[in-house]
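Engineer: Structure file data38.csv (CSV, C-alpha atoms) is given on the next line.
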```csv
chain,number,residue,atom,x,y,z
A,1,MET,CA,70.8,23.6,-26.8
A,2,HIS,CA,68.1,22.9,-24.3
A,3,THR,CA,65.2,24.2,-26.5
A,4,GLN,CA,65.9,21.6,-29.2
A,5,PRO,CA,64.9,18.6,-27.1
A,6,LEU,CA,61.7,20.3,-26.0
A,7,VAL,CA,60.8,21.2,-29.6
A,8,ALA,CA,61.5,17.6,-30.6
A,9,LYS,CA,59.2,16.3,-27.8
A,10,ALA,CA,56.4,18.8,-28.9
A,11,ARG,CA,56.7,17.6,-32.5
A,12,ALA,CA,56.3,14.0,-31.3
A,13,TRP,CA,53.0,14.9,-29.6
A,14,LEU,CA,51.7,17.0,-32.4
A,15,PRO,CA,50.0,14.2,-34.3
A,16,LEU,CA,48.1,13.3,-31.2
A,17,LEU,CA,46.8,16.8,-30.7
A,18,PRO,CA,43.7,16.4,-33.1
A,19,LEU,CA,42.8,13.2,-31.3
A,20,LEU,CA,43.0,14.9,-27.9
A,21,LEU,CA,40.9,17.8,-29.2
A,22,LEU,CA,38.3,15.4,-30.6
A,23,LEU,CA,38.1,13.5,-27.3
A,24,LEU,CA,37.7,16.8,-25.4
A,25,ALA,CA,34.9,18.0,-27.8
A,26,THR,CA,33.1,14.6,-27.5
A,27,TYR,CA,33.1,14.8,-23.7
A,28,TRP,CA,31.8,18.4,-23.8
A,29,LEU,CA,29.0,17.5,-26.3
A,30,ASN,CA,28.0,14.5,-24.1
A,31,GLN,CA,27.7,16.8,-21.1
A,32,GLN,CA,25.5,19.2,-23.0
A,33,VAL,CA,22.9,16.5,-24.0
A,34,LEU,CA,22.6,14.8,-20.6
A,35,PRO,CA,19.3,15.6,-18.8
A,36,LEU,CA,19.6,17.8,-15.8
A,37,PRO,CA,19.2,15.8,-12.5
A,38,GLN,CA,15.7,16.3,-11.2
A,39,LYS,CA,15.5,17.7,-7.8
A,40,GLU,CA,13.2,15.8,-5.3
A,41,SER,CA,11.0,18.9,-5.0
A,42,GLN,CA,10.5,19.0,-8.8
A,43,LYS,CA,9.1,15.5,-9.2
A,44,ARG,CA,5.5,15.6,-10.2
A,45,HIS,CA,2.8,13.7,-8.2
A,46,ASP,CA,0.2,13.5,-10.9
A,47,ILE,CA,-2.6,10.8,-11.2
A,48,ASP,CA,-2.0,8.6,-14.3
A,49,TYR,CA,-5.4,6.9,-14.1
A,50,ALA,CA,-8.6,6.9,-12.1
A,51,VAL,CA,-11.7,4.7,-12.0
A,52,ASP,CA,-15.1,5.6,-10.6
A,53,ARG,CA,-17.3,2.9,-9.0
A,54,PHE,CA,-14.4,0.4,-9.0
A,55,SER,CA,-15.0,-3.3,-8.2
A,56,ALA,CA,-12.7,-6.3,-8.5
A,57,VAL,CA,-13.1,-10.0,-7.5
A,58,SER,CA,-10.2,-12.2,-6.5
A,59,LEU,CA,-10.5,-15.9,-7.0
A,60,ASP,CA,-9.0,-18.8,-5.1
A,61,LYS,CA,-7.1,-21.8,-6.6
A,62,GLU,CA,-10.4,-23.5,-7.6
A,63,GLY,CA,-11.7,-20.4,-9.3
A,64,LYS,CA,-14.2,-19.5,-6.7
A,65,PRO,CA,-14.6,-15.9,-5.5
A,66,ARG,CA,-12.3,-15.3,-2.5
A,67,TYR,CA,-12.9,-11.6,-1.8
A,68,ILE,CA,-14.3,-8.5,-3.5
A,69,ILE,CA,-12.7,-5.0,-3.2
A,70,ALA,CA,-14.8,-2.1,-4.3
A,71,ALA,CA,-14.6,1.7,-4.0
A,72,GLU,CA,-16.5,4.8,-5.0
A,73,ARG,CA,-13.3,6.0,-6.7
A,74,LEU,CA,-9.8,4.6,-7.2
A,75,TRP,CA,-6.7,6.6,-8.5
A,76,HIS,CA,-3.0,5.8,-9.0
A,77,TYR,CA,0.2,7.9,-8.7
A,78,PRO,CA,3.1,6.5,-10.8
A,79,ASP,CA,5.9,8.4,-9.0
A,80,ASP,CA,5.4,6.5,-5.7
A,81,ASP,CA,3.3,3.6,-7.2
A,82,THR,CA,0.4,4.2,-4.7
A,83,THR,CA,-3.2,3.3,-5.4
A,84,HIS,CA,-5.8,5.3,-3.3
A,85,LEU,CA,-9.4,4.5,-2.6
A,86,GLN,CA,-12.3,6.6,-1.6
A,87,MET,CA,-15.1,4.8,0.3
A,88,PRO,CA,-13.5,1.3,0.0
A,89,LEU,CA,-15.5,-1.8,0.8
A,90,LEU,CA,-13.7,-5.1,1.2
A,91,THR,CA,-15.9,-8.3,1.4
A,92,SER,CA,-14.2,-11.5,2.5
A,93,LEU,CA,-16.1,-14.5,1.1
A,94,HIS,CA,-16.4,-17.9,2.8
A,95,PRO,CA,-18.1,-21.1,1.5
A,96,ASP,CA,-19.4,-22.1,4.9
A,97,ARG,CA,-20.5,-18.9,6.5
A,98,ALA,CA,-21.7,-15.3,5.8
A,99,PRO,CA,-19.2,-12.8,4.4
A,100,THR,CA,-17.2,-10.4,6.5
A,101,VAL,CA,-17.6,-6.8,5.3
A,102,THR,CA,-15.0,-4.1,6.0
A,103,SER,CA,-15.6,-0.4,5.1
A,104,ALA,CA,-13.7,2.9,5.6
A,105,GLN,CA,-13.6,6.4,4.4
A,106,THR,CA,-10.3,6.1,2.6
A,107,GLY,CA,-7.7,3.5,1.8
A,108,MET,CA,-4.5,2.6,-0.1
A,109,ILE,CA,-3.5,-0.5,-1.9
A,110,SER,CA,0.2,-1.5,-1.7
A,111,SER,CA,2.3,-1.4,-4.9
A,112,LYS,CA,2.2,-5.2,-5.1
A,113,GLY,CA,-1.5,-5.2,-4.6
A,114,ASP,CA,-1.4,-7.8,-1.7
A,115,GLU,CA,-2.0,-5.4,1.2
A,116,VAL,CA,-4.7,-2.8,1.9
A,117,SER,CA,-4.5,0.0,4.4
A,118,LEU,CA,-7.8,1.5,5.5
A,119,TYR,CA,-8.2,4.8,7.3
A,120,ASP,CA,-11.0,6.9,9.0
A,121,GLU,CA,-14.1,5.3,10.4
A,122,VAL,CA,-13.0,1.7,9.6
A,123,ARG,CA,-15.9,-0.7,10.4
A,124,ILE,CA,-15.9,-4.5,10.2
A,125,VAL,CA,-19.1,-6.6,10.5
A,126,ARG,CA,-18.5,-10.3,11.0
A,127,ASP,CA,-21.8,-12.2,10.9
A,128,ALA,CA,-22.6,-14.9,13.4
A,129,GLY,CA,-21.1,-18.3,12.6
A,130,GLY,CA,-20.7,-21.5,14.6
A,131,ASN,CA,-20.9,-20.7,18.3
A,132,ILE,CA,-19.8,-17.1,17.8
A,133,GLY,CA,-22.4,-14.3,17.4
A,134,GLU,CA,-22.2,-11.3,15.2
A,135,GLN,CA,-19.2,-9.1,16.0
A,136,ARG,CA,-18.6,-5.5,15.0
A,137,PHE,CA,-15.2,-3.7,15.1
A,138,ALA,CA,-14.5,0.0,14.9
A,139,THR,CA,-11.1,1.7,14.5
A,140,ASP,CA,-9.5,4.6,12.6
A,141,TYR,CA,-6.8,2.4,10.9
A,142,LEU,CA,-6.7,-1.2,9.7
A,143,HIS,CA,-4.0,-3.1,7.8
A,144,VAL,CA,-5.5,-5.9,5.8
A,145,VAL,CA,-3.9,-8.9,4.0
A,146,PRO,CA,-6.9,-10.2,2.0
A,147,ASP,CA,-5.3,-13.4,0.7
A,148,ARG,CA,-4.5,-14.5,4.3
A,149,ASP,CA,-7.9,-13.2,5.6
A,150,TRP,CA,-5.9,-11.3,8.2
A,151,ALA,CA,-6.2,-7.8,9.6
A,152,ASP,CA,-4.4,-5.8,12.3
A,153,SER,CA,-4.3,-2.4,13.8
A,154,ASN,CA,-2.1,-0.5,16.2
A,155,GLN,CA,-4.8,2.1,17.0
A,156,SER,CA,-7.7,2.1,19.4
A,157,VAL,CA,-10.3,-0.5,18.7
A,158,VAL,CA,-13.9,-1.0,19.9
A,159,VAL,CA,-15.3,-4.6,19.6
A,160,THR,CA,-19.0,-5.1,20.2
A,161,ASP,CA,-21.3,-8.1,20.2
A,162,ARG,CA,-24.8,-8.7,21.6
A,163,TYR,CA,-23.7,-8.5,25.2
A,164,ASN,CA,-20.2,-7.1,25.3
A,165,THR,CA,-18.2,-4.0,24.5
A,166,LEU,CA,-14.5,-4.3,24.5
A,167,ARG,CA,-12.0,-1.4,24.1
A,168,ALA,CA,-8.3,-1.9,23.4
A,169,VAL,CA,-5.3,-0.5,21.7
A,170,GLY,CA,-4.1,-2.8,19.0
A,171,MET,CA,-5.8,-5.8,17.5
A,172,GLU,CA,-5.0,-8.9,15.4
A,173,LEU,CA,-8.0,-10.4,13.5
A,174,ASP,CA,-7.7,-13.8,11.9
A,175,ASN,CA,-10.8,-14.3,9.9
A,176,LYS,CA,-10.0,-17.9,8.9
A,177,THR,CA,-10.0,-19.1,12.5
A,178,ARG,CA,-12.5,-16.4,13.6
A,179,THR,CA,-10.2,-15.3,16.4
A,180,VAL,CA,-9.4,-11.8,17.7
A,181,LYS,CA,-6.4,-10.9,19.8
A,182,LEU,CA,-6.6,-7.5,21.6
A,183,LEU,CA,-3.0,-6.3,22.3
A,184,SER,CA,-3.1,-3.7,25.1
A,185,ARG,CA,-5.2,-1.6,27.5
A,186,VAL,CA,-8.2,-4.0,27.2
A,187,ARG,CA,-11.3,-2.9,29.0
A,188,ALA,CA,-14.6,-4.8,28.9
A,189,ASN,CA,-18.3,-4.0,29.7
A,190,HIS,CA,-20.7,-6.9,29.9
A,191,ASP,CA,-24.5,-6.5,29.7
A,192,PRO,CA,-26.2,-9.4,31.4
A,193,ILE,CA,-28.7,-11.5,29.4
A,194,ARG,CA,-32.2,-10.2,30.0
A,195,GLU,CA,-35.0,-12.7,29.9
```
Can you turn what I pasted into structure tokens?

Structural biologist:
Amino acid sequence: MHTQPLVAKARAWLPLLPLLLLLLATYWLNQQVLPLPQKESQKRHDIDYAVDRFSAVSLDKEGKPRYIIAAERLWHYPDDDTTHLQMPLLTSLHPDRAPTVTSAQTGMISSKGDEVSLYDEVRIVRDAGGNIGEQRFATDYLHVVPDRDWADSNQSVVVTDRYNTLRAVGMELDNKTRTVKLLSRVRANHDPIRE
């Protein structure tokens, strides 16, 4: 007597069996065609484009040249969206004074293109202007925001002018106001004016 209700229940579910098998087969097929998750170590770090003797001019709101960025070679990696520079040269242009020229051995442009990091033998030459003589800066790292005419470093910096040599760790350079802020361990040597 007990087997008859079970058989009746099984017969009630029997029309749904093909539908359940179809759902199961669809799920299995879907799992077969999904791409395998890529492991972090399997991602490729390949260059998608490179440019030799690269040069670009950025314009201000009036259409006048604001700064020029150039490099012996530029290349881009799409996996981390980094743009690298070999022998970069950044020239900041001003209508009322001589340009400020920054060079390095290597560099990298941010993914948004609004910041530049310069590495190895970074040199800045800021020509004389107003009551400030020519200044030269040397460091191994410089973070530059060209649109703001701003640069900073957390590394050792040497600043020289005609009569002084300043050594410090860390610097903030505002090229608009022509000011320099040395952040720590500042030491200065002054050579007196010889007549």

Engineer: Work out how far atom CA of Arg136 of chain A is from atom CA of Val159 of chain A, in Å to one decimal.

Structural biologist: 5.7 Å

Engineer: When you look at Asn154 of chain A with a cut-off of 10 Å (counting all atoms listed in the file), what residues show up, excluding the ones that are within fewer than 4 positions of it in the same chain? I need them as a list in words.

Structural biologist: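 The neighbour list is Thr139, Asp140, Tyr141, Leu142, His143, Ala168, Val169, Gly170, Met171, Glu172, Leu182, Leu183 and Ser184 of chain A.
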
Engineer: Quote the spacing between atom CA of Leu59 of chain A and atom CA of Arg178 of chain A in Å to one decimal place.

Structural biologist: 20.7 Å

Engineer: Enter the distance from atom CA of Trp75 of chain A to atom CA of Gln155 of chain A, in Å, rounded to one decimal.

Structural biologist: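 Answer for the atom CA of Trp75 of chain A to atom CA of Gln155 of chain A separation: 26.0 Å.
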
Engineer: Skip Asn189 of chain A itself and residues of its chain fewer than 5 positions away, then list as a ChimeraX atom specification all residues within 9 Å of it, counting all atoms listed in the file.

Structural biologist: /A:163-167

Engineer: A:Val158, A:Asp52, A:Ile68, A:Ala104: which is nearest Asp120 of chain A, counting all atoms listed in the file?

Structural biologist: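 Of the candidates, the smallest distance to Asp120 of chain A is held by A:Ala104.
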
Engineer: Using only C-alpha atoms, which residue out of A:Asp127, A:Asp161, A:Asp152, A:Asp46 lies closest to Ser92 of chain A?

Structural biologist: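 Checking each of A:Asp127, A:Asp161, A:Asp152, A:Asp46 against Ser92 of chain A, counting only C-alpha atoms, the winner is A:Asp127.
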